[in-house]
$ cat coords19.cif   # mmCIF, C-alpha atoms
data_data
loop_
_atom_site.label_atom_id
_atom_site.label_comp_id
_atom_site.auth_asym_id
_atom_site.auth_seq_id
_atom_site.Cartn_x
_atom_site.Cartn_y
_atom_site.Cartn_z
CA MET A 1 60.15 84.70 43.95
CA PHE A 2 57.19 82.32 43.85
CA LYS A 3 56.18 81.06 47.31
CA THR A 4 54.53 77.65 47.52
CA SER A 5 51.57 77.71 49.92
CA LYS A 6 51.40 75.36 52.93
CA PHE A 7 48.59 73.48 51.23
CA GLY A 8 50.64 73.02 48.08
CA LYS A 9 53.56 71.72 50.12
CA THR A 10 51.33 69.13 51.79
CA LEU A 11 50.17 67.87 48.44
CA ILE A 12 53.68 67.62 47.12
CA CYS A 13 54.64 65.68 50.25
CA SER A 14 51.66 63.35 49.68
CA ALA A 15 52.80 62.75 46.15
CA ALA A 16 56.30 61.97 47.35
CA LEU A 17 55.01 59.60 50.04
CA ALA A 18 52.76 57.87 47.57
CA ALA A 19 55.71 57.45 45.25
CA ILE A 20 57.60 55.74 48.10
CA VAL A 21 54.64 53.43 48.69
CA MET A 22 54.52 52.66 44.98
CA SER A 23 58.18 51.68 44.84
CA THR A 24 57.98 49.12 47.67
CA THR A 25 55.84 46.06 48.22
CA PRO A 26 53.08 47.03 50.65
CA ALA A 27 53.02 43.58 52.24
CA THR A 28 56.67 43.87 53.20
CA VAL A 29 56.45 47.41 54.47
CA PHE A 30 53.43 46.84 56.69
CA ALA A 31 54.37 43.51 58.14
CA SER A 32 51.99 42.43 60.86
CA THR A 33 53.24 41.14 64.18
CA ALA A 34 50.21 38.88 64.78
CA ASP A 35 51.13 35.20 64.62
CA TRP A 36 49.76 31.65 64.35
CA ALA A 37 51.81 28.59 65.26
CA PRO A 38 49.93 25.27 64.89
CA THR A 39 51.68 22.10 66.06
CA ALA A 40 51.60 18.77 64.22
CA SER A 41 50.79 16.59 67.21
CA GLU A 42 50.35 12.81 67.23
CA LYS A 43 46.64 13.34 67.90
CA LEU A 44 46.28 15.24 64.63
CA VAL A 45 48.17 12.50 62.76
CA LYS A 46 45.63 9.95 63.96
CA MET A 47 42.54 12.03 63.23
CA PRO A 48 40.36 11.35 60.16
CA ALA A 49 41.43 13.47 57.19
CA THR A 50 38.24 15.55 57.04
CA TYR A 51 38.37 16.30 60.77
CA LEU A 52 41.99 17.34 60.41
CA LYS A 53 41.15 20.31 58.17
CA ARG A 54 38.46 21.49 60.58
CA ALA A 55 40.81 21.15 63.55
CA VAL A 56 43.41 23.31 61.78
CA GLU A 57 40.79 25.92 60.88
CA ARG A 58 39.56 25.95 64.47
CA ASP A 59 43.12 26.37 65.75
CA PHE A 60 43.63 29.28 63.37
CA ALA A 61 40.33 30.90 64.43
CA SER A 62 41.58 31.13 68.01
CA SER A 63 44.96 32.62 67.02
CA ALA A 64 46.20 36.22 67.27
CA LEU A 65 46.57 36.25 63.49
CA ALA A 66 42.87 35.47 62.97
CA SER A 67 41.91 38.25 65.42
CA ALA A 68 44.15 40.71 63.60
CA LEU A 69 42.69 39.65 60.26
CA SER A 70 39.15 40.10 61.55
CA GLU A 71 40.05 43.53 62.97
CA ASN A 72 41.58 44.46 59.63
CA THR A 73 38.36 43.42 57.83
CA ASP A 74 36.31 45.76 60.05
CA THR A 75 38.72 48.65 59.57
CA MET A 76 38.76 48.12 55.83
CA ALA A 77 34.95 48.11 55.65
CA ALA A 78 34.82 51.43 57.53
CA LYS A 79 37.60 52.88 55.39
CA LYS A 80 35.84 51.82 52.19
CA ALA A 81 32.64 53.57 53.29
CA SER A 82 34.51 56.79 54.12
CA LEU A 83 36.31 56.60 50.75
CA LYS A 84 32.98 56.46 48.94
CA ASP A 85 31.62 59.41 50.95
CA LEU A 86 34.75 61.46 50.29
CA GLN A 87 34.64 60.69 46.58
CA GLU A 88 31.02 61.81 46.31
CA ALA A 89 31.69 64.93 48.39
CA ALA A 90 34.75 65.85 46.31
CA GLU A 91 32.77 65.48 43.08
CA MET A 92 30.07 67.84 44.36
CA ALA A 93 32.39 70.45 45.96
CA GLU A 94 34.01 73.41 44.22
CA GLY A 95 37.09 75.57 44.63
CA ASP A 96 39.35 75.16 47.65
CA LEU A 97 36.95 72.76 49.35
CA ARG A 98 37.12 70.43 46.34
CA ILE A 99 40.93 70.51 46.46
CA GLU A 100 40.85 69.84 50.20
CA LEU A 101 38.42 66.92 49.78
CA GLN A 102 40.43 65.50 46.89
CA HIS A 103 43.50 65.68 49.09
CA GLN A 104 41.70 63.85 51.87
CA TYR A 105 40.38 61.31 49.36
CA LEU A 106 43.92 60.57 48.18
CA ALA A 107 45.19 60.29 51.76
CA GLU A 108 42.37 57.84 52.56
CA LYS A 109 43.12 55.87 49.42
CA LYS A 110 46.71 55.58 50.53
CA ALA A 111 45.59 54.38 53.96
CA TYR A 112 43.23 51.86 52.29
CA ILE A 113 46.10 50.47 50.21
CA ARG A 114 48.16 50.17 53.40
CA LEU A 115 45.33 48.20 55.01
CA MET A 116 45.02 45.96 51.96
CA GLY A 117 48.77 45.39 52.12
CA GLU A 118 48.53 44.43 55.79
CA ARG A 119 45.63 42.14 55.00
CA GLN A 120 47.54 40.38 52.25
CA ASP A 121 50.55 40.11 54.50
CA MET A 122 48.42 38.32 57.09
CA GLN A 123 46.74 36.14 54.47
CA ARG A 124 50.15 35.16 53.16
CA LYS A 125 51.32 34.34 56.68
CA HIS A 126 48.19 32.20 57.14
CA ALA A 127 48.67 30.34 53.85
CA GLU A 128 52.42 29.81 54.35
CA THR A 129 51.99 28.63 57.95
CA ARG A 130 49.28 26.23 56.79
CA ILE A 131 51.54 24.86 54.02
CA LYS A 132 54.46 24.37 56.44
CA PHE A 133 52.15 22.75 58.98
CA TYR A 134 50.68 20.29 56.44
CA GLN A 135 54.19 19.51 55.16
CA ARG A 136 55.31 18.73 58.71
CA LEU A 137 52.22 16.58 59.24
CA LEU A 138 52.81 14.73 55.97
CA ARG A 139 56.44 14.02 56.91
CA LYS A 140 55.30 12.73 60.30
CA LEU A 141 52.66 10.53 58.70
CA GLU A 142 55.15 9.13 56.21
CA ARG A 143 57.69 8.53 58.99
CA ASN A 144 55.06 6.59 60.97
CA ASN A 145 54.24 4.45 57.94
CA GLN A 146 57.88 3.83 57.12
CA GLY A 147 58.58 2.63 60.65
CA THR A 148 58.20 -1.06 59.80
CA THR A 149 61.31 -3.09 59.02
CA PRO A 150 61.15 -6.02 56.55
CA GLU A 151 61.23 -8.33 59.56
CA THR A 152 58.22 -6.61 61.13
CA GLN A 153 56.43 -6.59 57.80
CA ALA A 154 56.97 -10.35 57.57
CA LEU A 155 55.57 -10.75 61.08
CA ILE A 156 52.51 -8.64 60.23
CA GLN A 157 52.00 -10.80 57.15
CA GLN A 158 52.18 -13.97 59.25
CA GLN A 159 49.75 -12.51 61.76
CA GLU A 160 47.32 -11.65 58.97
CA GLU A 161 47.50 -15.18 57.59
CA ALA A 162 46.96 -16.60 61.10
CA LYS A 163 43.88 -14.43 61.54
CA GLN A 164 42.49 -15.54 58.20
CA ARG A 165 42.96 -19.20 59.06
CA PHE A 166 41.41 -18.61 62.48
CA SER A 167 38.39 -16.73 61.06
CA ALA A 168 37.78 -19.42 58.47
CA MET A 169 37.80 -22.13 61.16
CA SER A 170 36.07 -20.25 63.97
CA ASP A 171 32.60 -21.77 63.44
CA LYS A 172 33.99 -25.26 62.97
CA VAL A 173 35.99 -24.96 66.21
CA ASP A 174 32.88 -23.71 68.05
CA MET A 175 30.88 -26.70 66.83
CA GLU A 176 33.65 -29.15 67.66
CA VAL A 177 34.52 -27.82 71.11
CA PHE A 178 31.32 -26.29 72.40
CA GLY A 179 28.73 -27.98 70.19
CA GLU A 180 28.74 -31.29 71.98
CA PRO A 181 25.63 -32.07 74.05
CA GLY A 182 26.11 -30.80 77.57
CA ALA A 183 29.15 -28.73 76.64
CA LYS A 184 29.11 -25.31 78.19
CA ARG A 185 30.51 -22.30 76.40
CA SER A 186 33.25 -20.58 78.36
CA LYS A 187 32.64 -17.24 80.06
CA TYR A 188 35.22 -15.63 77.76
CA SER A 189 33.47 -17.02 74.69
CA VAL A 190 30.00 -15.83 75.81
CA ASP A 191 31.16 -12.38 76.91
CA TYR A 192 33.30 -11.94 73.82
CA ALA A 193 30.35 -12.71 71.53
CA LYS A 194 28.18 -10.22 73.46
CA ASN A 195 30.82 -7.49 73.33
CA GLU A 196 31.57 -8.25 69.70
CA LEU A 197 27.92 -7.66 68.78
CA ALA A 198 27.89 -4.35 70.67
CA LEU A 199 31.18 -3.36 69.03
CA LYS A 200 29.83 -4.12 65.57
CA GLN A 201 26.76 -1.94 66.22
CA LEU A 202 28.93 0.92 67.46
CA ALA A 203 31.38 0.50 64.57
CA ALA A 204 28.45 0.68 62.11
CA ALA A 205 27.26 3.89 63.80
CA ILE A 206 30.78 5.36 63.59
CA GLU A 207 31.07 4.30 59.95
CA GLY A 208 27.88 6.14 59.05
CA HIS A 209 28.60 9.22 61.17
CA PRO A 210 28.93 12.43 59.10
CA MET A 211 32.02 13.49 61.07
CA ASN A 212 33.75 10.25 60.12
CA GLN A 213 33.31 10.54 56.37
CA SER A 214 36.51 9.76 54.55
CA ALA A 215 38.13 12.46 52.46
CA GLN A 216 37.16 12.40 48.79
CA MET A 217 38.63 13.74 45.57
CA ASP A 218 36.29 13.94 42.57
CA GLY A 219 33.85 11.68 44.42
CA GLU A 220 36.48 9.01 45.06
CA PRO A 221 37.82 8.31 48.56
CA ILE A 222 41.50 9.21 48.93
CA SER A 223 44.22 8.41 51.45
CA LYS A 224 45.15 10.80 54.23
CA GLN A 225 48.53 11.51 52.60
CA ASP A 226 46.89 12.41 49.28
CA TYR A 227 44.37 14.59 51.11
CA ILE A 228 47.15 16.49 52.91
CA LYS A 229 49.05 16.85 49.63
CA ARG A 230 45.90 18.38 48.12
CA LEU A 231 45.66 20.81 51.08
CA ILE A 232 49.29 21.84 50.49
CA GLN A 233 48.54 22.42 46.80
CA ASP A 234 45.53 24.57 47.76
CA GLY A 235 47.76 26.63 50.07
CA GLU A 236 50.37 27.10 47.34
CA SER A 237 47.68 28.27 44.90
CA GLU A 238 46.58 30.79 47.50
CA VAL A 239 50.15 32.11 47.83
CA ALA A 240 50.44 32.40 44.03
CA LEU A 241 47.22 34.44 43.95
CA LEU A 242 48.52 36.65 46.77
CA ASP A 243 51.63 37.36 44.66
CA GLN A 244 49.33 38.55 41.89
CA LYS A 245 47.34 40.65 44.37
CA ASP A 246 50.60 42.27 45.52
CA GLU A 247 51.11 43.40 41.95
CA LEU A 248 47.58 44.83 41.95
CA LEU A 249 48.37 46.82 45.10
CA GLY A 250 51.52 48.14 43.44
CA TYR A 251 49.47 49.44 40.52
CA MET A 252 46.91 50.97 42.89
CA ALA A 253 49.67 52.75 44.79
CA LYS A 254 51.11 54.02 41.52
CA LEU A 255 47.71 55.41 40.52
CA VAL A 256 47.36 57.19 43.87
CA ALA A 257 50.83 58.67 43.42
CA LEU A 258 49.95 59.89 39.92
CA ASP A 259 46.65 61.35 41.21
CA ALA A 260 48.53 63.15 43.98
CA MET A 261 51.03 64.56 41.49
CA ALA A 262 48.18 65.70 39.23
CA LEU A 263 46.45 67.38 42.18
CA ALA A 264 49.67 69.09 43.23
CA GLU A 265 50.12 70.33 39.68
CA GLU A 266 46.52 71.55 39.60
CA VAL A 267 47.07 73.54 42.80
CA GLU A 268 50.28 74.99 41.41
CA GLU A 269 48.52 75.97 38.21
CA ILE A 270 45.80 77.75 40.16
CA GLN A 271 48.39 79.60 42.18
CA LEU A 272 50.48 80.49 39.11
CA GLY A 273 47.36 81.56 37.23
CA GLY A 274 46.36 83.93 40.08
CA LEU A 275 49.82 85.44 40.17
CA ALA A 276 49.80 86.02 36.43
CA GLU A 277 46.41 87.69 36.68
CA SER A 278 47.53 89.93 39.53
CA LEU A 279 50.67 90.76 37.58
CA GLU A 280 48.53 91.71 34.66
CA GLU A 281 46.28 93.79 36.92
CA ASP A 282 49.28 95.35 38.68
CA GLN A 283 50.99 96.16 35.40
CA SER A 284 48.12 98.17 33.94
CA PRO A 285 48.52 101.37 36.13
CA PHE A 286 52.23 101.40 35.38
CA ASP A 287 51.91 101.08 31.65
CA PRO A 288 54.00 103.91 30.08
CA ALA A 289 51.19 104.83 27.76
CA ASP A 290 48.85 105.28 30.67
CA ASN A 291 51.31 107.46 32.56
CA VAL A 292 52.05 110.00 29.86
CA ASP A 293 50.01 112.63 31.79
CA LEU A 294 52.67 112.70 34.44
CA PHE A 295 55.10 114.14 31.93
CA LEU A 296 52.84 116.57 30.08
CA ASN A 297 52.74 119.72 32.19
CA MET B 1 30.11 33.10 74.29
CA LEU B 2 28.19 29.99 75.40
CA LYS B 3 28.46 28.56 71.90
CA ASN B 4 32.24 29.01 72.04
CA LYS B 5 32.42 27.28 75.40
CA VAL B 6 30.31 24.38 74.12
CA THR B 7 32.45 24.10 70.96
CA GLN B 8 35.65 24.11 73.02
CA THR B 9 34.31 21.44 75.38
CA PHE B 10 33.23 19.18 72.54
CA THR B 11 36.46 19.71 70.65
CA ALA B 12 38.43 18.69 73.72
CA LEU B 13 36.12 15.71 74.16
CA GLY B 14 36.55 14.73 70.51
CA ILE B 15 40.34 14.90 70.74
CA ALA B 16 40.31 12.92 73.98
CA THR B 17 38.10 10.28 72.34
CA PHE B 18 40.40 9.93 69.34
CA ALA B 19 43.36 9.72 71.70
CA THR B 20 41.61 7.03 73.75
CA LEU B 21 40.67 5.04 70.67
CA SER B 22 44.19 5.24 69.36
CA ILE B 23 45.68 3.79 72.53
CA THR B 24 45.34 0.04 72.24
CA THR B 25 44.43 -1.67 75.44
CA ALA B 26 47.30 -3.69 76.81
CA HIS B 27 46.50 -7.31 77.53
CA ALA B 28 49.38 -8.48 79.64
CA GLY B 29 50.71 -11.84 78.66
CA THR B 30 48.06 -13.44 76.42
CA LEU B 31 50.86 -15.22 74.59
CA GLU B 32 52.54 -16.31 77.83
CA ASN B 33 49.23 -17.67 79.15
CA LEU B 34 48.71 -19.62 75.92
CA GLU B 35 52.20 -21.08 76.09
CA ARG B 36 51.68 -22.13 79.69
CA GLU B 37 48.36 -23.82 78.89
CA ARG B 38 49.81 -25.50 75.81
CA ALA B 39 52.77 -26.80 77.82
CA GLU B 40 50.39 -28.33 80.36
CA ILE B 41 48.39 -30.04 77.61
CA ILE B 42 51.54 -31.43 76.01
CA GLN B 43 52.66 -32.64 79.40
CA THR B 44 49.32 -34.42 79.79
CA LEU B 45 49.61 -35.87 76.30
CA LEU B 46 53.02 -37.29 77.07
CA ASN B 47 52.35 -38.33 80.66
CA PRO B 48 52.86 -42.10 80.84
CA SER B 49 51.58 -42.35 84.39
CA ILE B 50 47.91 -41.66 83.57
CA SER B 51 45.44 -43.90 81.79
CA ALA B 52 44.09 -43.18 78.31
CA GLU B 53 40.67 -42.29 79.76
CA GLN B 54 42.15 -39.94 82.31
CA ARG B 55 44.19 -38.35 79.56
CA ALA B 56 41.15 -37.88 77.32
CA ASP B 57 39.15 -36.29 80.16
CA LYS B 58 41.94 -33.95 81.11
CA ILE B 59 42.60 -32.93 77.52
CA ASN B 60 38.91 -32.37 76.87
CA THR B 61 38.72 -29.95 79.79
CA SER B 62 41.93 -28.19 78.90
CA LYS B 63 40.99 -27.93 75.23
CA HIS B 64 38.19 -25.46 76.00
CA ARG B 65 40.62 -23.24 77.84
CA LEU B 66 43.23 -23.62 75.12
CA VAL B 67 40.72 -22.59 72.42
CA ASP B 68 39.87 -19.43 74.42
CA MET B 69 43.52 -18.57 74.92
CA GLU B 70 44.37 -19.10 71.29
CA ARG B 71 41.56 -16.71 70.40
CA MET B 72 42.78 -14.17 72.93
CA VAL B 73 46.21 -14.22 71.30
CA LEU B 74 44.81 -13.92 67.78
CA ARG B 75 42.60 -11.01 68.86
CA ASP B 76 45.29 -9.27 70.91
CA LYS B 77 45.99 -5.97 69.14
CA THR B 78 49.11 -5.30 71.22
CA LEU B 79 50.81 -8.21 69.47
CA GLU B 80 50.24 -6.74 65.98
CA GLY B 81 53.68 -6.05 64.53
CA LYS B 82 55.33 -6.54 67.93
CA ASN B 83 58.71 -7.65 66.72
CA THR B 84 59.98 -9.62 69.74
CA PRO B 85 61.52 -13.13 69.60
CA GLU B 86 58.52 -14.65 71.45
CA VAL B 87 55.94 -13.14 69.08
CA ARG B 88 58.03 -13.94 66.00
CA VAL B 89 58.43 -17.60 67.00
CA ALA B 90 54.73 -17.89 67.91
CA PHE B 91 53.54 -16.74 64.49
CA GLN B 92 56.22 -18.53 62.51
CA ASN B 93 54.44 -21.83 63.09
CA TYR B 94 50.65 -21.50 63.31
CA ASP B 95 50.10 -25.25 63.62
CA LEU B 96 52.32 -25.55 66.66
CA THR B 97 51.20 -22.36 68.43
CA PHE B 98 47.47 -22.64 67.77
CA LEU B 99 47.34 -26.34 68.36
CA ALA B 100 43.61 -26.61 69.15
CA HIS B 101 42.42 -24.60 66.14
CA SER B 102 44.88 -26.23 63.78
CA SER B 103 44.02 -29.78 64.90
CA ILE B 104 40.30 -29.13 64.27
CA GLU B 105 41.12 -27.49 60.93
CA LYS B 106 43.16 -30.52 59.85
CA ASP B 107 40.81 -33.02 61.45
CA VAL B 108 43.51 -34.68 63.49
CA SER B 109 44.02 -35.04 67.22
CA MET B 110 46.18 -32.50 69.04
CA MET B 111 48.58 -35.29 69.90
CA ASP B 112 49.02 -36.35 66.27
CA LEU B 113 49.44 -32.76 65.12
CA TRP B 114 52.00 -31.98 67.80
CA LEU B 115 53.99 -35.11 67.02
CA GLU B 116 53.83 -34.35 63.31
CA GLN B 117 55.09 -30.83 63.91
CA MET B 118 57.91 -32.26 65.99
CA GLY B 119 58.79 -34.53 63.09
CA ILE B 120 57.61 -37.72 64.80
CA THR B 121 55.38 -39.78 62.49
CA THR B 122 54.17 -43.42 62.75
CA ASN B 123 56.61 -44.35 59.98
CA SER B 124 59.54 -42.65 61.66
CA VAL B 125 58.71 -44.45 64.93
CA MET B 126 58.26 -47.79 63.15
CA ASN B 127 61.52 -47.36 61.28
CA ALA B 128 63.40 -46.41 64.41
CA HIS B 129 65.69 -48.99 65.99
CA VAL B 130 67.63 -49.14 69.14
CA GLY B 131 71.29 -48.67 68.54
CA ARG B 132 74.47 -47.25 69.85
CA GLN B 133 75.70 -43.97 68.43
#

$ encode --input "coords19.cif" --output "structure tokens"
Amino acid sequence: MFKTSKFGKTLICSAALAAIVMSTTPATVFASTADWAPTASEKLVKMPATYLKRAVERDFASSALASALSENTDTMAAKKASLKDLQEAAEMAEGDLRIELQHQYLAEKKAYIRLMGERQDMQRKHAETRIKFYQRLLRKLERNNQGTTPETQALIQQQEEAKQRFSAMSDKVDMEVFGEPGAKRSKYSVDYAKNELALKQLAAAIEGHPMNQSAQMDGEPISKQDYIKRLIQDGESEVALLDQKDELLGYMAKLVALDAMALAEEVEEIQLGGLAESLEEDQSPFDPADNVDLFLN
Amino acid sequence: MLKNKVTQTFTALGIATFATLSITTAHAGTLENLERERAEIIQTLLNPSISAEQRADKINTSKHRLVDMERMVLRDKTLEGKNTPEVRVAFQNYDLTFLAHSSIEKDVSMMDLWLEQMGITTNSVMNAHVGRQ
């Protein structure tokens, strides 16, 4: 009976394992426990659109998920380097050492796919959390804007009209009330004018500040809602690309499985070939033609 | 490490600033003050026990204050969209609430404007007759 060597068994096991990996989605199998939970606070709702994106990115950077992603990047870089070394070494080696290195190379490839799966899992979590967060923020923003009843809207309209009438008449009123000879401007009027000037200067500085630039789409300024909708679309595109990358990982895993099966077959062939040779060698002394002497006394 | 600390500090400061800017300062009772001042002026306008000169002097002094208070109300951000009966009534009739500004805008005296808004015109007074209802 043919006995499979320990080494051959290992390879067959690798092939089987790789086949299991191939048949399941890596991202689901290697789900990461690291998390990120941003909250759509009132402060964020009031922030300028461009600052909002940065605040979310900063929040993510300090999360456990970002740390895990960064750790994964380092591990993957190291794994990629060792893969390259193993590949080169396997190409240069011969005999059993080559088989051993090829086996290690396949095992490392499998581990690299696992890491890529984990990475995609985390990237997906990041993108999906971001989408949910922006959706929550958008709902909050829309709720805030919808909060005015027709009665309140009418009041706001009246207040706007009153302000317009007041602004148009402000100079005339100043001339009429305070422009008379000997008339003294009130303390409120003087202080208000002084503060107003300072406020205008500060408002101009805020207006021109790079951190206060309004969000733009194709060079045109857009509303905060539209900006958030665009961020959600970006997140959804990212998820769609991750779906495609999952398919890529599936194909990679399938290739590793096929390589492992080929290697296992190669080892079996070597072993079977050796046995056949030894059988041939063993058979020659027992060939009847060669043993005729034994019977010719 | 230091950079992180600085970034965190400035982020917190930025958020605090936005939060501060978003909280509108509460000016307690600008509308109530205006109504009180306006009531005093109307009282002066209708006071039969003072002479015309005394009335003119008093109104001239009060007018400055009234102009300031009208401006305080119009600039009061806490009143924006504040749907209360007082605020609604105040903005429903600009001419009556902002008597000083409106009278200058229309080039009439505050007395004439107030009477007009109350529906009392020279014609209506002239056409009025004493009678029993």

$ resolve_selection --input "coords19.cif" --expression "the PyMOL selection byres ((chain B) within 7 of (chain A))" --output "number ranges by chain"
B: 18-19, 64, 68, 74, 80-81, 83, 88, 91-92, 94, 101, 104-105

$ resolve_selection --input "coords19.cif" --expression "the PyMOL selection byres ((chain B and resi 113-130) around 8)" --output "CSV table (one decimal) with C-alpha atoms, in the coordinates of the input"
chain,number,residue,atom,x,y,z
B,95,ASP,CA,50.1,-25.2,63.6
B,96,LEU,CA,52.3,-25.6,66.7
B,99,LEU,CA,47.3,-26.3,68.4
B,103,SER,CA,44.0,-29.8,64.9
B,108,VAL,CA,43.5,-34.7,63.5
B,109,SER,CA,44.0,-35.0,67.2
B,110,MET,CA,46.2,-32.5,69.0
B,111,MET,CA,48.6,-35.3,69.9
B,112,ASP,CA,49.0,-36.4,66.3
B,131,GLY,CA,71.3,-48.7,68.5
B,132,ARG,CA,74.5,-47.2,69.8

$ atom_distance --input "coords19.cif" --atom1 "CA of Ile131 in chain A" --atom2 "CA of Gln233 in chain A"
8.2 Å

$ atom_distance --input "coords19.cif" --atom1 "CA of Asn144 in chain A" --atom2 "CA of Ala40 in chain A"
13.1 Å

$ resolve_selection --input "coords19.cif" --expression "the PyMOL selection byres ((chain B and resi 55-57) around 12)" --output "MDAnalysis selection string"
chainID B and resid 40:54 58:64 109:111

$ atom_distance --input "coords19.cif" --atom1 "CA of Thr97 in chain B" --atom2 "CA of Ala198 in chain A"
29.5 Å

$ closest_residue --input "coords19.cif" --among "A:Tyr134, A:Thr75, A:Thr129, A:Ala61" --to "Lys224 in chain A" --atoms "all atoms listed in the file"
A:Tyr134

$ closest_residue --input "coords19.cif" --among "A:Glu91, A:Gly117, A:Gln104, A:Ile232" --to "Lys245 in chain A" --atoms "all atoms listed in the file"
A:Gly117

$ axis_aligned_box --input "coords19.cif" --around "range 85-99 of chain B" --padding-each-side "6 Å" --output "JSON"
{"center_x": 54.4, "center_y": -19.7, "center_z": 67.0, "size_x": 26.2, "size_y": 25.2, "size_z": 20.9}

$ residues_around --input "coords19.cif" --residues "range 30-37 of chain B" --least-positions-apart "3" --cutoff "7 Å" --atoms "all atoms listed in the file" --output "ChimeraX atom specification"
/B:27,40-41,66,69-70,72-73

$ write_last_selection --input "coords19.cif" --atoms "C-alpha atoms" --output "mmCIF file, in the frame of the given file"
data_model
loop_
_atom_site.group_PDB
_atom_site.id
_atom_site.type_symbol
_atom_site.label_atom_id
_atom_site.label_comp_id
_atom_site.auth_asym_id
_atom_site.auth_seq_id
_atom_site.Cartn_x
_atom_site.Cartn_y
_atom_site.Cartn_z
ATOM 1 C CA HIS B 27 46.500 -7.310 77.530
ATOM 2 C CA GLU B 40 50.390 -28.330 80.360
ATOM 3 C CA ILE B 41 48.390 -30.040 77.610
ATOM 4 C CA LEU B 66 43.230 -23.620 75.120
ATOM 5 C CA MET B 69 43.520 -18.570 74.920
ATOM 6 C CA GLU B 70 44.370 -19.100 71.290
ATOM 7 C CA MET B 72 42.780 -14.170 72.930
ATOM 8 C CA VAL B 73 46.210 -14.220 71.300
#

$ closest_residue --input "coords19.cif" --among "A:Glu118, A:Thr50, A:Lys200, A:Asp35" --to "Gln213 in chain A" --atoms "all atoms listed in the file"
A:Thr50

$ closest_residue --input "coords19.cif" --among "A:Glu236, A:Glu266, A:Glu57, A:Glu108" --to "Lys84 in chain A" --atoms "all atoms listed in the file"
A:Glu108

$ residues_around --input "coords19.cif" --residues "Leu101 in chain A" --least-positions-apart "4" --cutoff "9 Å" --atoms "only C-alpha atoms" --output "list of chain:residue names"
A:Leu86, A:Gln87, A:Ala89, A:Ala90, A:Glu91, A:Ala93, A:Asp96, A:Leu97, A:Tyr105, A:Leu106
